[in-house]
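Data file: model15.tsv. Format and content: TSV, C-alpha atoms.
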```tsv
chain	number	residue	atom	x	y	z
A	1	MET	CA	78.99	27.36	143.94
A	2	ARG	CA	75.98	28.16	141.79
A	3	ILE	CA	74.79	31.61	140.78
A	4	LEU	CA	71.07	31.96	140.04
A	5	LEU	CA	69.31	34.74	138.15
A	6	ALA	CA	66.37	36.14	140.13
A	7	PRO	CA	62.76	36.57	139.02
A	8	MET	CA	61.70	40.23	138.95
A	9	GLU	CA	58.33	41.17	137.53
A	10	GLY	CA	58.52	43.98	134.99
A	11	LEU	CA	62.31	43.84	134.80
A	12	LEU	CA	64.04	40.46	134.70
A	13	ASP	CA	61.94	38.82	131.99
A	14	CYS	CA	62.84	36.55	129.07
A	15	VAL	CA	64.55	39.49	127.31
A	16	LEU	CA	67.06	40.18	130.07
A	17	ARG	CA	67.42	36.46	130.87
A	18	ASP	CA	68.66	35.97	127.32
A	19	VAL	CA	71.02	38.95	127.49
A	20	ILE	CA	72.46	38.38	130.96
A	21	THR	CA	73.06	34.67	130.50
A	22	ARG	CA	75.12	35.53	127.40
A	23	ALA	CA	77.46	37.52	129.65
A	24	GLY	CA	78.39	34.29	131.47
A	25	GLY	CA	78.52	32.99	135.03
A	26	ILE	CA	74.81	32.19	135.51
A	27	ASP	CA	73.95	28.56	136.28
A	28	LEU	CA	70.15	28.75	136.53
A	29	CYS	CA	67.37	31.27	135.86
A	30	VAL	CA	63.99	31.63	137.55
A	31	THR	CA	61.20	33.35	135.62
A	32	GLU	CA	59.06	36.17	136.93
A	33	PHE	CA	55.89	34.80	138.52
A	34	ILE	CA	52.87	33.44	136.69
A	35	ARG	CA	49.81	34.35	138.74
A	36	VAL	CA	47.46	31.45	139.45
A	37	SER	CA	44.00	32.45	140.63
A	38	GLY	CA	41.12	30.03	140.44
A	39	THR	CA	41.52	28.77	136.86
A	40	LEU	CA	43.57	26.32	134.88
A	41	LEU	CA	45.75	28.53	132.73
A	42	PRO	CA	46.10	27.94	128.98
A	43	ASN	CA	49.45	26.88	127.57
A	44	ARG	CA	49.95	30.28	125.97
A	45	THR	CA	50.18	31.91	129.40
A	46	PHE	CA	53.14	29.71	130.36
A	47	GLU	CA	54.70	30.24	126.94
A	48	ARG	CA	54.38	34.02	127.18
A	49	ILE	CA	56.13	34.34	130.54
A	50	ALA	CA	58.56	31.49	129.97
A	51	PRO	CA	59.12	31.09	126.20
A	52	GLU	CA	62.18	29.01	127.04
A	53	ILE	CA	59.90	26.04	127.81
A	54	LEU	CA	59.54	25.69	124.03
A	55	THR	CA	63.32	25.24	123.66
A	56	ASP	CA	64.12	22.54	126.22
A	57	SER	CA	63.57	25.06	129.05
A	58	LYS	CA	66.92	26.74	128.37
A	59	THR	CA	68.07	30.17	127.29
A	60	ALA	CA	69.83	30.65	123.95
A	61	THR	CA	73.15	29.94	125.65
A	62	GLY	CA	71.89	26.76	127.29
A	63	VAL	CA	71.23	27.99	130.83
A	64	PRO	CA	68.36	26.06	132.47
A	65	VAL	CA	65.17	27.94	133.33
A	66	ARG	CA	62.89	27.26	136.31
A	67	VAL	CA	59.32	28.59	136.07
A	68	GLN	CA	57.74	30.41	139.02
A	69	LEU	CA	54.08	30.25	140.07
A	70	LEU	CA	52.31	32.56	142.54
A	71	GLY	CA	49.02	32.02	144.32
A	72	SER	CA	47.37	30.79	147.51
A	73	ASP	CA	44.99	28.05	146.31
A	74	ALA	CA	46.92	24.81	146.80
A	75	VAL	CA	44.61	22.74	144.58
A	76	CYS	CA	44.64	25.26	141.74
A	77	LEU	CA	48.39	25.70	141.97
A	78	ALA	CA	48.84	21.93	141.82
A	79	GLU	CA	46.63	21.66	138.73
A	80	ASN	CA	48.55	24.40	136.97
A	81	ALA	CA	51.89	22.92	138.03
A	82	ALA	CA	50.83	19.60	136.52
A	83	ARG	CA	50.01	21.32	133.23
A	84	LEU	CA	53.28	23.25	133.33
A	85	ALA	CA	55.14	20.00	133.99
A	86	THR	CA	54.07	18.68	130.58
A	87	PHE	CA	56.60	21.16	129.13
A	88	ASN	CA	59.31	19.51	131.25
A	89	PRO	CA	60.78	22.71	132.76
A	90	HIS	CA	63.99	22.58	134.76
A	91	GLY	CA	61.98	23.09	137.91
A	92	ILE	CA	58.85	24.75	139.28
A	93	ASP	CA	59.34	27.52	141.81
A	94	LEU	CA	56.75	28.94	144.22
A	95	ASN	CA	56.65	32.61	145.17
A	96	PHE	CA	56.37	33.47	148.86
A	97	GLY	CA	58.35	36.68	148.60
A	98	CYS	CA	56.68	39.23	146.34
A	99	PRO	CA	56.16	42.45	148.36
A	100	ALA	CA	53.80	44.18	145.91
A	101	LYS	CA	50.66	45.52	147.61
A	102	THR	CA	48.33	44.36	144.84
A	103	VAL	CA	49.73	40.83	145.06
A	104	ASN	CA	49.62	40.70	148.86
A	105	ARG	CA	46.10	42.13	148.93
A	106	HIS	CA	44.96	39.15	146.86
A	107	ARG	CA	46.67	36.72	149.25
A	108	GLY	CA	49.77	36.07	147.19
A	109	GLY	CA	53.53	36.44	147.67
A	110	ALA	CA	55.01	37.58	150.98
A	111	VAL	CA	51.69	37.80	152.84
A	112	LEU	CA	51.61	34.00	152.91
A	113	LEU	CA	54.59	34.06	155.27
A	114	LYS	CA	52.00	34.72	157.99
A	115	GLU	CA	50.67	31.20	157.35
A	116	PRO	CA	53.40	28.52	157.45
A	117	GLU	CA	50.77	25.75	157.40
A	118	LEU	CA	49.30	27.08	154.14
A	119	ILE	CA	52.79	27.32	152.68
A	120	TYR	CA	53.27	23.65	153.58
A	121	GLN	CA	49.98	22.71	151.91
A	122	ILE	CA	50.84	24.62	148.73
A	123	VAL	CA	54.33	23.16	148.37
A	124	LYS	CA	53.14	19.63	149.15
A	125	ALA	CA	50.24	19.84	146.70
A	126	VAL	CA	52.55	21.02	143.92
A	127	ARG	CA	55.21	18.46	144.80
A	128	ASP	CA	52.63	15.65	144.69
A	129	ALA	CA	51.28	16.88	141.34
A	130	VAL	CA	54.63	17.09	139.55
A	131	PRO	CA	56.79	14.21	138.28
A	132	THR	CA	59.64	13.46	140.66
A	133	HIS	CA	62.36	14.37	138.17
A	134	ILE	CA	61.16	18.00	138.14
A	135	PRO	CA	62.40	19.82	141.25
A	136	VAL	CA	59.95	21.97	143.20
A	137	THR	CA	61.55	24.95	144.94
A	138	ALA	CA	60.47	28.17	146.64
A	139	LYS	CA	61.52	31.77	147.18
A	140	MET	CA	60.68	33.54	150.42
A	141	ARG	CA	61.48	36.63	152.46
A	142	LEU	CA	62.27	36.70	156.17
A	143	GLY	CA	58.66	37.49	157.01
A	144	TYR	CA	55.89	39.96	156.36
A	145	GLU	CA	56.10	42.58	159.12
A	146	ASP	CA	58.96	40.99	161.08
A	147	THR	CA	61.29	37.99	161.01
A	148	SER	CA	59.43	35.87	163.54
A	149	PRO	CA	58.01	33.34	161.01
A	150	ALA	CA	61.20	32.92	158.97
A	151	ILE	CA	62.43	29.60	160.35
A	152	ALA	CA	58.94	28.06	160.54
A	153	CYS	CA	58.25	28.96	156.90
A	154	ALA	CA	61.54	27.53	155.68
A	155	GLN	CA	60.91	24.35	157.68
A	156	ALA	CA	57.41	24.09	156.19
A	157	ILE	CA	58.84	24.38	152.67
A	158	GLU	CA	61.38	21.66	153.44
A	159	ALA	CA	58.86	19.34	155.12
A	160	ALA	CA	56.56	19.58	152.12
A	161	GLY	CA	59.24	18.15	149.85
A	162	ALA	CA	60.89	21.14	148.18
A	163	ALA	CA	64.42	20.69	146.86
A	164	GLU	CA	65.70	24.10	148.01
A	165	VAL	CA	64.66	27.58	149.09
A	166	VAL	CA	65.94	31.00	148.06
A	167	VAL	CA	65.81	33.46	150.94
A	168	HIS	CA	65.63	37.19	150.22
A	169	ALA	CA	67.13	38.57	153.40
A	170	ARG	CA	64.48	41.23	154.12
A	171	THR	CA	60.86	41.28	155.24
A	172	LYS	CA	58.00	42.53	153.12
A	173	THR	CA	57.96	45.71	155.22
A	174	ASP	CA	61.66	46.25	154.50
A	175	GLY	CA	60.90	46.20	150.78
A	176	TYR	CA	64.16	46.81	148.92
A	177	LYS	CA	65.66	49.21	151.43
A	178	PRO	CA	69.21	48.36	152.50
A	179	PRO	CA	70.56	46.59	154.36
A	180	ALA	CA	69.80	42.94	153.74
A	181	TYR	CA	70.04	40.77	156.84
A	182	TRP	CA	72.24	37.94	155.58
A	183	GLU	CA	72.84	36.69	159.13
A	184	TRP	CA	69.18	35.59	159.18
A	185	ILE	CA	69.84	33.33	156.20
A	186	ALA	CA	72.59	31.62	158.19
A	187	LEU	CA	70.13	31.09	161.06
A	188	ILE	CA	67.57	29.58	158.69
A	189	LYS	CA	70.26	27.35	157.20
A	190	GLU	CA	71.10	26.03	160.69
A	191	ASN	CA	67.49	24.90	161.13
A	192	VAL	CA	66.90	23.04	157.85
A	193	LYS	CA	68.66	20.27	155.97
A	194	PHE	CA	67.86	21.15	152.36
A	195	ASN	CA	69.76	23.66	150.24
A	196	VAL	CA	69.43	27.37	151.01
A	197	VAL	CA	70.29	30.07	148.47
A	198	ALA	CA	71.10	33.61	149.64
A	199	ASN	CA	69.61	36.69	147.97
A	200	GLY	CA	69.35	40.40	148.59
A	201	GLU	CA	71.39	43.63	148.20
A	202	ILE	CA	74.33	42.17	146.26
A	203	TRP	CA	75.67	44.81	143.86
A	204	THR	CA	79.42	44.09	143.82
A	205	VAL	CA	81.80	41.15	144.00
A	206	GLU	CA	82.80	42.32	147.47
A	207	GLU	CA	79.17	42.14	148.62
A	208	PHE	CA	78.79	38.79	146.84
A	209	ASN	CA	81.69	37.31	148.82
A	210	ARG	CA	80.56	38.91	152.08
A	211	CYS	CA	77.04	37.55	151.62
A	212	ARG	CA	78.40	34.03	151.10
A	213	GLU	CA	80.51	34.35	154.23
A	214	ILE	CA	77.78	35.78	156.48
A	215	SER	CA	74.92	33.61	155.17
A	216	ASN	CA	77.07	30.47	155.11
A	217	CYS	CA	75.55	29.68	151.70
A	218	ASP	CA	77.42	28.28	148.73
A	219	ASP	CA	74.77	29.44	146.26
A	220	ILE	CA	73.73	33.02	145.54
A	221	MET	CA	70.81	34.52	143.61
A	222	LEU	CA	71.39	37.87	141.90
A	223	GLY	CA	68.71	40.37	140.90
A	224	ARG	CA	69.04	44.14	140.55
A	225	GLY	CA	72.81	43.93	141.02
A	226	ILE	CA	73.32	41.90	137.87
A	227	VAL	CA	70.86	44.02	135.89
A	228	SER	CA	73.15	46.95	136.75
A	229	ASN	CA	76.30	44.96	136.03
A	230	PRO	CA	75.62	42.04	133.67
A	231	GLY	CA	79.17	40.82	134.21
A	232	LEU	CA	78.74	40.42	137.97
A	233	ALA	CA	78.32	36.63	137.96
A	234	LEU	CA	81.26	36.13	135.62
A	235	GLU	CA	83.43	38.44	137.72
A	236	ALA	CA	82.45	36.60	140.92
A	237	LYS	CA	83.54	33.31	139.38
A	238	THR	CA	86.59	34.31	137.36
A	239	GLY	CA	87.62	37.83	138.30
A	240	GLN	CA	87.01	38.91	134.71
A	241	LYS	CA	85.18	42.24	134.38
A	242	LEU	CA	82.80	43.11	131.54
A	243	SER	CA	83.86	46.36	129.89
A	244	TRP	CA	81.49	48.88	128.35
A	245	GLU	CA	82.86	47.95	124.93
A	246	GLU	CA	82.08	44.30	125.59
A	247	MET	CA	78.52	45.33	126.41
A	248	ALA	CA	77.89	46.31	122.76
A	249	PRO	CA	76.92	42.81	121.52
A	250	LEU	CA	74.56	42.47	124.48
A	251	PHE	CA	72.78	45.66	123.50
A	252	VAL	CA	72.22	44.26	120.01
A	253	VAL	CA	70.68	41.08	121.45
A	254	PHE	CA	68.64	43.10	123.95
A	255	TRP	CA	67.13	45.31	121.26
A	256	GLN	CA	66.38	42.35	118.99
A	257	GLN	CA	64.54	40.63	121.85
A	258	VAL	CA	62.70	43.81	122.82
A	259	MET	CA	61.41	44.13	119.25
A	260	ILE	CA	60.14	40.54	119.41
A	261	HIS	CA	58.65	40.42	122.90
A	262	CYS	CA	57.52	43.99	123.70
A	263	TYR	CA	54.66	46.02	122.27
A	264	PRO	CA	55.93	48.97	120.17
A	265	LYS	CA	54.79	51.58	122.69
A	266	TYR	CA	57.00	49.97	125.36
A	267	GLN	CA	60.14	49.33	123.32
A	268	ALA	CA	61.92	52.66	123.89
A	269	GLY	CA	60.97	52.50	127.55
A	270	ARG	CA	62.58	49.10	127.97
A	271	LEU	CA	65.90	50.41	126.69
A	272	LYS	CA	65.73	53.42	129.00
A	273	GLN	CA	64.79	51.18	131.92
A	274	TRP	CA	67.89	49.03	131.45
A	275	LEU	CA	70.18	52.01	130.89
A	276	ASN	CA	68.84	53.52	134.10
A	277	TYR	CA	70.09	50.45	135.97
A	278	LEU	CA	73.35	50.20	134.01
A	279	ARG	CA	74.37	53.76	134.83
A	280	ARG	CA	74.89	52.67	138.44
A	281	HIS	CA	77.89	50.67	137.20
A	282	TYR	CA	78.81	52.23	133.86
A	283	PRO	CA	79.19	56.05	133.53
A	284	GLU	CA	78.77	55.62	129.77
A	285	ALA	CA	75.26	54.29	130.32
A	286	GLY	CA	74.37	57.44	132.23
A	287	GLU	CA	75.54	59.59	129.34
A	288	LEU	CA	73.54	57.56	126.86
A	289	PHE	CA	70.48	57.61	129.11
A	290	GLN	CA	70.55	61.40	129.13
A	291	GLN	CA	70.72	61.45	125.33
A	292	ILE	CA	67.69	59.22	124.82
A	293	ARG	CA	65.54	59.99	127.87
A	294	THR	CA	63.13	62.15	125.83
A	295	ILE	CA	62.87	59.64	122.97
A	296	ASN	CA	59.68	57.60	123.02
A	297	THR	CA	59.72	55.51	119.85
A	298	ALA	CA	61.83	52.66	118.59
A	299	GLU	CA	62.20	54.41	115.24
A	300	GLU	CA	63.89	57.42	116.85
A	301	ILE	CA	66.26	55.19	118.78
A	302	GLU	CA	67.25	53.19	115.71
A	303	ALA	CA	67.75	56.38	113.70
A	304	GLY	CA	69.89	58.04	116.33
A	305	PHE	CA	71.82	55.08	117.73
A	306	PRO	CA	72.09	52.38	115.04
A	307	THR	CA	75.44	51.07	116.27
A	308	LEU	CA	74.09	50.61	119.76
A	309	VAL	CA	70.84	48.84	118.93
A	310	LEU	CA	71.53	47.31	115.51
A	311	GLY	CA	75.21	46.51	115.73
A	312	HIS	CA	76.13	48.51	112.64
A	313	GLU	CA	75.85	51.93	111.07
A	314	LYS	CA	72.89	52.56	108.80
```

Representation of the structure as structure tokens:
Amino acid sequence: MRILLAPMEGLLDCVLRDVITRAGGIDLCVTEFIRVSGTLLPNRTFERIAPEILTDSKTATGVPVRVQLLGSDAVCLAENAARLATFNPHGIDLNFGCPAKTVNRHRGGAVLLKEPELIYQIVKAVRDAVPTHIPVTAKMRLGYEDTSPAIACAQAIEAAGAAEVVVHARTKTDGYKPPAYWEWIALIKENVKFNVVANGEIWTVEEFNRCREISNCDDIMLGRGIVSNPGLALEAKTGQKLSWEEMAPLFVVFWQQVMIHCYPKYQAGRLKQWLNYLRRHYPEAGELFQQIRTINTAEEIEAGFPTLVLGHEK
């Protein structure tokens, strides 16, 4: 069994990858997407989204990182994948699942599920452009408006040479509304021979185990559920729960990374964003969120909560 950390634009970035992998249980991370649109991107673009490629493509705790690309131009994606491959990442992933309207309007993400042949061309072009030791993978949803193209899209990804596919068990139209249709992942798995990873609406260990059973998948990708409970992967593997007190060192790392990677005007917001997710699992996070929800600067947070964000009293 492997547990993967999902890509989520605006949420699960290099900051939370660092923090959550320190909690334990994660075997592989996938970055949020790098948009490819008509140009060969400079190295700094890859380095900004996936700074781990400068450290052997691993997080600080040694968890491998796969870099995700998004676009619809097979040739341009292949050229950018070839440039990205010079960093020797632990894999290149292709996004066929993003439901955002702005992305879909520009022919990216889940809208491509309407075109299995184009998906095949994209995956094949990238696979041909990348050294064989670097796996090419994909993430998809069950379809755009309905599930009718799900099996054809997964088969196209496999036929083009991908090593595995992550299936988010909802359509684009479903968005993030529960439930997730894990039984559809099992149906896809019956119709392909490569590895299938299940994803979608997994917030607890009970849901984790039920998803594995219904989807018939050994491997699971976690997203919002592990942002809310950073100990979810560890608990799924060992039964060990992460207490609120044990979260304290993770807060210190989180704040240090926020100060490095986020512009000052966004720093307080990033802390509130994470606390807003954490309060689903930890009542203490809800209390803290209420205390800081009107604070808008990093200076105010550090002055009021030095133990939380600095690890010591001032």

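In this model, the gap between CA of Val258 in chain A and CA of Leu278 in chain A comes to 16.7 Å.
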
Kindly indicate which residue among A:Leu77, A:Cys211, A:Ile226, A:Leu234 lies nearest to Val36 in chain A, using all atoms listed in the file for the distances.
-> A:Leu77

Go through A:Thr45, A:Gly161, A:Leu271, A:Lys193 and flag the residue nearest Met259 in chain A, using all atoms listed in the file for the distances.
-> A:Leu271

Could you give me, as CSV, a per-residue list for range 99-216 of chain A showing, wherever an atom lies at most 10 Å from an atom of range 83-94 of chain A, the closest pair of atoms and their distance in Å to one decimal, using only C-alpha atoms and sorting by chain then residue number from low to high?
```
residue,atom,partner,partner_atom,distance
A:Gly109,CA,A:Leu94,CA,8.9
A:Ile119,CA,A:Leu94,CA,9.5
A:Ile122,CA,A:Leu94,CA,8.6
A:Val123,CA,A:Leu94,CA,7.5
A:Val126,CA,A:Ile92,CA,8.7
A:Arg127,CA,A:Ile92,CA,9.1
A:Ala129,CA,A:Ala85,CA,8.9
A:Val130,CA,A:Ala85,CA,6.3
A:Pro131,CA,A:Ala85,CA,7.4
A:His133,CA,A:Gly91,CA,8.7
A:Ile134,CA,A:Gly91,CA,5.2
A:Pro135,CA,A:Gly91,CA,4.7
A:Val136,CA,A:Ile92,CA,4.9
A:Thr137,CA,A:Asp93,CA,4.6
A:Ala138,CA,A:Leu94,CA,4.5
A:Lys139,CA,A:Leu94,CA,6.3
A:Met140,CA,A:Leu94,CA,8.7
A:Ile157,CA,A:Leu94,CA,9.8
A:Ala162,CA,A:Asp93,CA,9.1
A:Ala163,CA,A:Gly91,CA,9.6
A:Glu164,CA,A:Asp93,CA,9.5
A:Val165,CA,A:Asp93,CA,9.0
A:Val166,CA,A:Asp93,CA,9.7
```

Using only C-alpha atoms, the best pick from A:Ile53, A:Asn80, A:Gln155, A:Gly143 as closest to Tyr181 in chain A would be A:Gly143

Nearby residues (all atoms listed in the file) at most 8 Å from His168 in chain A, same-chain spacing under 4 positions excluded, as a ChimeraX atom specification | /A:97,139-142,180,198-200

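The gap separating CA of Lys114 in chain A from CA of Ala82 in chain A is 26.3 Å, in Å to one decimal.
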
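Counting from CA of Thr39 in chain A, the distance to CA of Glu79 in chain A is 9.0 Å.
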
Would you kindly return, as number ranges by chain, each protein, DNA or RNA residue with an atom no farther than 8 Å from any atom of Lys265 in chain A, considering all atoms listed in the file and excluding same-chain residues fewer than 3 positions away?
-> A: 268-269, 296-297

Those residues with C-alpha atoms, as a short mmCIF file (atom, residue, chain, number, x, y, z; two decimals), keeping the file's coordinate frame please?
```cif
data_model
loop_
_atom_site.label_atom_id
_atom_site.label_comp_id
_atom_site.auth_asym_id
_atom_site.auth_seq_id
_atom_site.Cartn_x
_atom_site.Cartn_y
_atom_site.Cartn_z
CA ALA A 268 61.92 52.66 123.89
CA GLY A 269 60.97 52.50 127.55
CA ASN A 296 59.68 57.60 123.02
CA THR A 297 59.72 55.51 119.85
#
```

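Nearest residue to Arg293 in chain A, choosing from A:Lys272, A:Glu245, A:Ile202, A:Ser37 and counting all atoms listed in the file: A:Lys272.
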
Using all atoms listed in the file, what residues lie at most 7 Å away from (75.6, 30.7, 147.8) (file coordinates), given as a compact mmCIF listing (two decimals) with C-alpha atoms, in the coordinates of the input?
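Saved result, out-v5.txt, follows:
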```txt
# COMPACT_ATOMS: atom_id res chain seq x y z
CA MET A 1 78.99 27.36 143.94
CA ARG A 2 75.98 28.16 141.79
CA VAL A 197 70.29 30.07 148.47
CA ALA A 198 71.10 33.61 149.64
CA ARG A 212 78.40 34.03 151.10
CA CYS A 217 75.55 29.68 151.70
CA ASP A 218 77.42 28.28 148.73
CA ASP A 219 74.77 29.44 146.26
CA ILE A 220 73.73 33.02 145.54
```

Shell of 8 Å around Gly231 in chain A, all atoms listed in the file, local chain residues under 2 positions omitted, as a list in words | Ile20, Ala23, Gly24, Gly25, Ile226, Asn229, Ala233, Leu234, Glu235, Lys241 and Leu242 of chain A

Selection above as a file: C-alpha atoms, as an mmCIF file, keeping the file's coordinate frame:
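Saved result, out31.cif, follows:
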```
data_model
loop_
_atom_site.group_PDB
_atom_site.id
_atom_site.type_symbol
_atom_site.label_atom_id
_atom_site.label_comp_id
_atom_site.auth_asym_id
_atom_site.auth_seq_id
_atom_site.Cartn_x
_atom_site.Cartn_y
_atom_site.Cartn_z
ATOM 1 C CA ILE A 20 72.460 38.380 130.960
ATOM 2 C CA ALA A 23 77.460 37.520 129.650
ATOM 3 C CA GLY A 24 78.390 34.290 131.470
ATOM 4 C CA GLY A 25 78.520 32.990 135.030
ATOM 5 C CA ILE A 226 73.320 41.900 137.870
ATOM 6 C CA ASN A 229 76.300 44.960 136.030
ATOM 7 C CA ALA A 233 78.320 36.630 137.960
ATOM 8 C CA LEU A 234 81.260 36.130 135.620
ATOM 9 C CA GLU A 235 83.430 38.440 137.720
ATOM 10 C CA LYS A 241 85.180 42.240 134.380
ATOM 11 C CA LEU A 242 82.800 43.110 131.540
#
```

Taking (60.3, 32.2, 130.1) in the coordinates of the supplied file, I want to know which residues reach to within 12 Å of it, counting only C-alpha atoms; could you give the answer as a compact mmCIF listing (two decimals) with C-alpha atoms, in the coordinates of the input?
```txt
# COMPACT_ATOMS: atom_id res chain seq x y z
CA PRO A 7 62.76 36.57 139.02
CA GLU A 9 58.33 41.17 137.53
CA LEU A 12 64.04 40.46 134.70
CA ASP A 13 61.94 38.82 131.99
CA CYS A 14 62.84 36.55 129.07
CA VAL A 15 64.55 39.49 127.31
CA LEU A 16 67.06 40.18 130.07
CA ARG A 17 67.42 36.46 130.87
CA ASP A 18 68.66 35.97 127.32
CA CYS A 29 67.37 31.27 135.86
CA VAL A 30 63.99 31.63 137.55
CA THR A 31 61.20 33.35 135.62
CA GLU A 32 59.06 36.17 136.93
CA PHE A 33 55.89 34.80 138.52
CA ILE A 34 52.87 33.44 136.69
CA ARG A 44 49.95 30.28 125.97
CA THR A 45 50.18 31.91 129.40
CA PHE A 46 53.14 29.71 130.36
CA GLU A 47 54.70 30.24 126.94
CA ARG A 48 54.38 34.02 127.18
CA ILE A 49 56.13 34.34 130.54
CA ALA A 50 58.56 31.49 129.97
CA PRO A 51 59.12 31.09 126.20
CA GLU A 52 62.18 29.01 127.04
CA ILE A 53 59.90 26.04 127.81
CA LEU A 54 59.54 25.69 124.03
CA THR A 55 63.32 25.24 123.66
CA ASP A 56 64.12 22.54 126.22
CA SER A 57 63.57 25.06 129.05
CA LYS A 58 66.92 26.74 128.37
CA THR A 59 68.07 30.17 127.29
CA ALA A 60 69.83 30.65 123.95
CA VAL A 63 71.23 27.99 130.83
CA PRO A 64 68.36 26.06 132.47
CA VAL A 65 65.17 27.94 133.33
CA ARG A 66 62.89 27.26 136.31
CA VAL A 67 59.32 28.59 136.07
CA GLN A 68 57.74 30.41 139.02
CA LEU A 69 54.08 30.25 140.07
CA LEU A 84 53.28 23.25 133.33
CA PHE A 87 56.60 21.16 129.13
CA PRO A 89 60.78 22.71 132.76
CA HIS A 90 63.99 22.58 134.76
CA ILE A 92 58.85 24.75 139.28
CA HIS A 261 58.65 40.42 122.90
```

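Considering only C-alpha atoms, the residue among A:Asp174, A:Glu299, A:Glu190, A:Glu284 positioned nearest to Ile151 in chain A is A:Glu190.
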
Rebuild range 256-267 of chain A to N, CA, C and O atoms - output it as an mmCIF file, keeping the file's coordinate frame, please.
```cif
data_model
loop_
_atom_site.group_PDB
_atom_site.id
_atom_site.type_symbol
_atom_site.label_atom_id
_atom_site.label_comp_id
_atom_site.auth_asym_id
_atom_site.auth_seq_id
_atom_site.Cartn_x
_atom_site.Cartn_y
_atom_site.Cartn_z
ATOM 1 N N GLN A 256 67.060 43.342 119.839
ATOM 2 C CA GLN A 256 66.380 42.350 118.990
ATOM 3 C C GLN A 256 65.269 41.666 119.772
ATOM 4 O O GLN A 256 64.162 41.450 119.253
ATOM 5 N N GLN A 257 65.538 41.313 121.022
ATOM 6 C CA GLN A 257 64.540 40.630 121.850
ATOM 7 C C GLN A 257 63.403 41.566 122.253
ATOM 8 O O GLN A 257 62.243 41.157 122.335
ATOM 9 N N VAL A 258 63.738 42.824 122.514
ATOM 10 C CA VAL A 258 62.700 43.810 122.820
ATOM 11 C C VAL A 258 61.727 43.948 121.653
ATOM 12 O O VAL A 258 60.502 44.004 121.832
ATOM 13 N N MET A 259 62.250 43.992 120.438
ATOM 14 C CA MET A 259 61.410 44.130 119.250
ATOM 15 C C MET A 259 60.494 42.926 119.066
ATOM 16 O O MET A 259 59.399 43.028 118.524
ATOM 17 N N ILE A 260 60.937 41.763 119.537
ATOM 18 C CA ILE A 260 60.140 40.540 119.410
ATOM 19 C C ILE A 260 59.083 40.446 120.515
ATOM 20 O O ILE A 260 57.925 40.115 120.261
ATOM 21 N N HIS A 261 59.486 40.744 121.741
ATOM 22 C CA HIS A 261 58.650 40.420 122.900
ATOM 23 C C HIS A 261 57.868 41.598 123.480
ATOM 24 O O HIS A 261 56.976 41.374 124.309
ATOM 25 N N CYS A 262 58.184 42.829 123.099
ATOM 26 C CA CYS A 262 57.520 43.990 123.700
ATOM 27 C C CYS A 262 56.639 44.712 122.676
ATOM 28 O O CYS A 262 57.020 44.840 121.509
ATOM 29 N N TYR A 263 55.500 45.204 123.129
ATOM 30 C CA TYR A 263 54.660 46.020 122.270
ATOM 31 C C TYR A 263 55.419 47.282 121.860
ATOM 32 O O TYR A 263 56.213 47.817 122.653
ATOM 33 N N PRO A 264 55.185 47.797 120.639
ATOM 34 C CA PRO A 264 55.930 48.970 120.170
ATOM 35 C C PRO A 264 55.950 50.146 121.129
ATOM 36 O O PRO A 264 56.982 50.803 121.293
ATOM 37 N N LYS A 265 54.829 50.407 121.813
ATOM 38 C CA LYS A 265 54.790 51.580 122.690
ATOM 39 C C LYS A 265 55.688 51.434 123.920
ATOM 40 O O LYS A 265 55.964 52.423 124.613
ATOM 41 N N TYR A 266 56.138 50.197 124.202
ATOM 42 C CA TYR A 266 57.000 49.970 125.360
ATOM 43 C C TYR A 266 58.472 49.796 124.995
ATOM 44 O O TYR A 266 59.321 49.702 125.889
ATOM 45 N N GLN A 267 58.796 49.711 123.722
ATOM 46 C CA GLN A 267 60.140 49.330 123.320
ATOM 47 C C GLN A 267 61.207 50.348 123.741
ATOM 48 O O GLN A 267 62.233 49.982 124.309
#
```
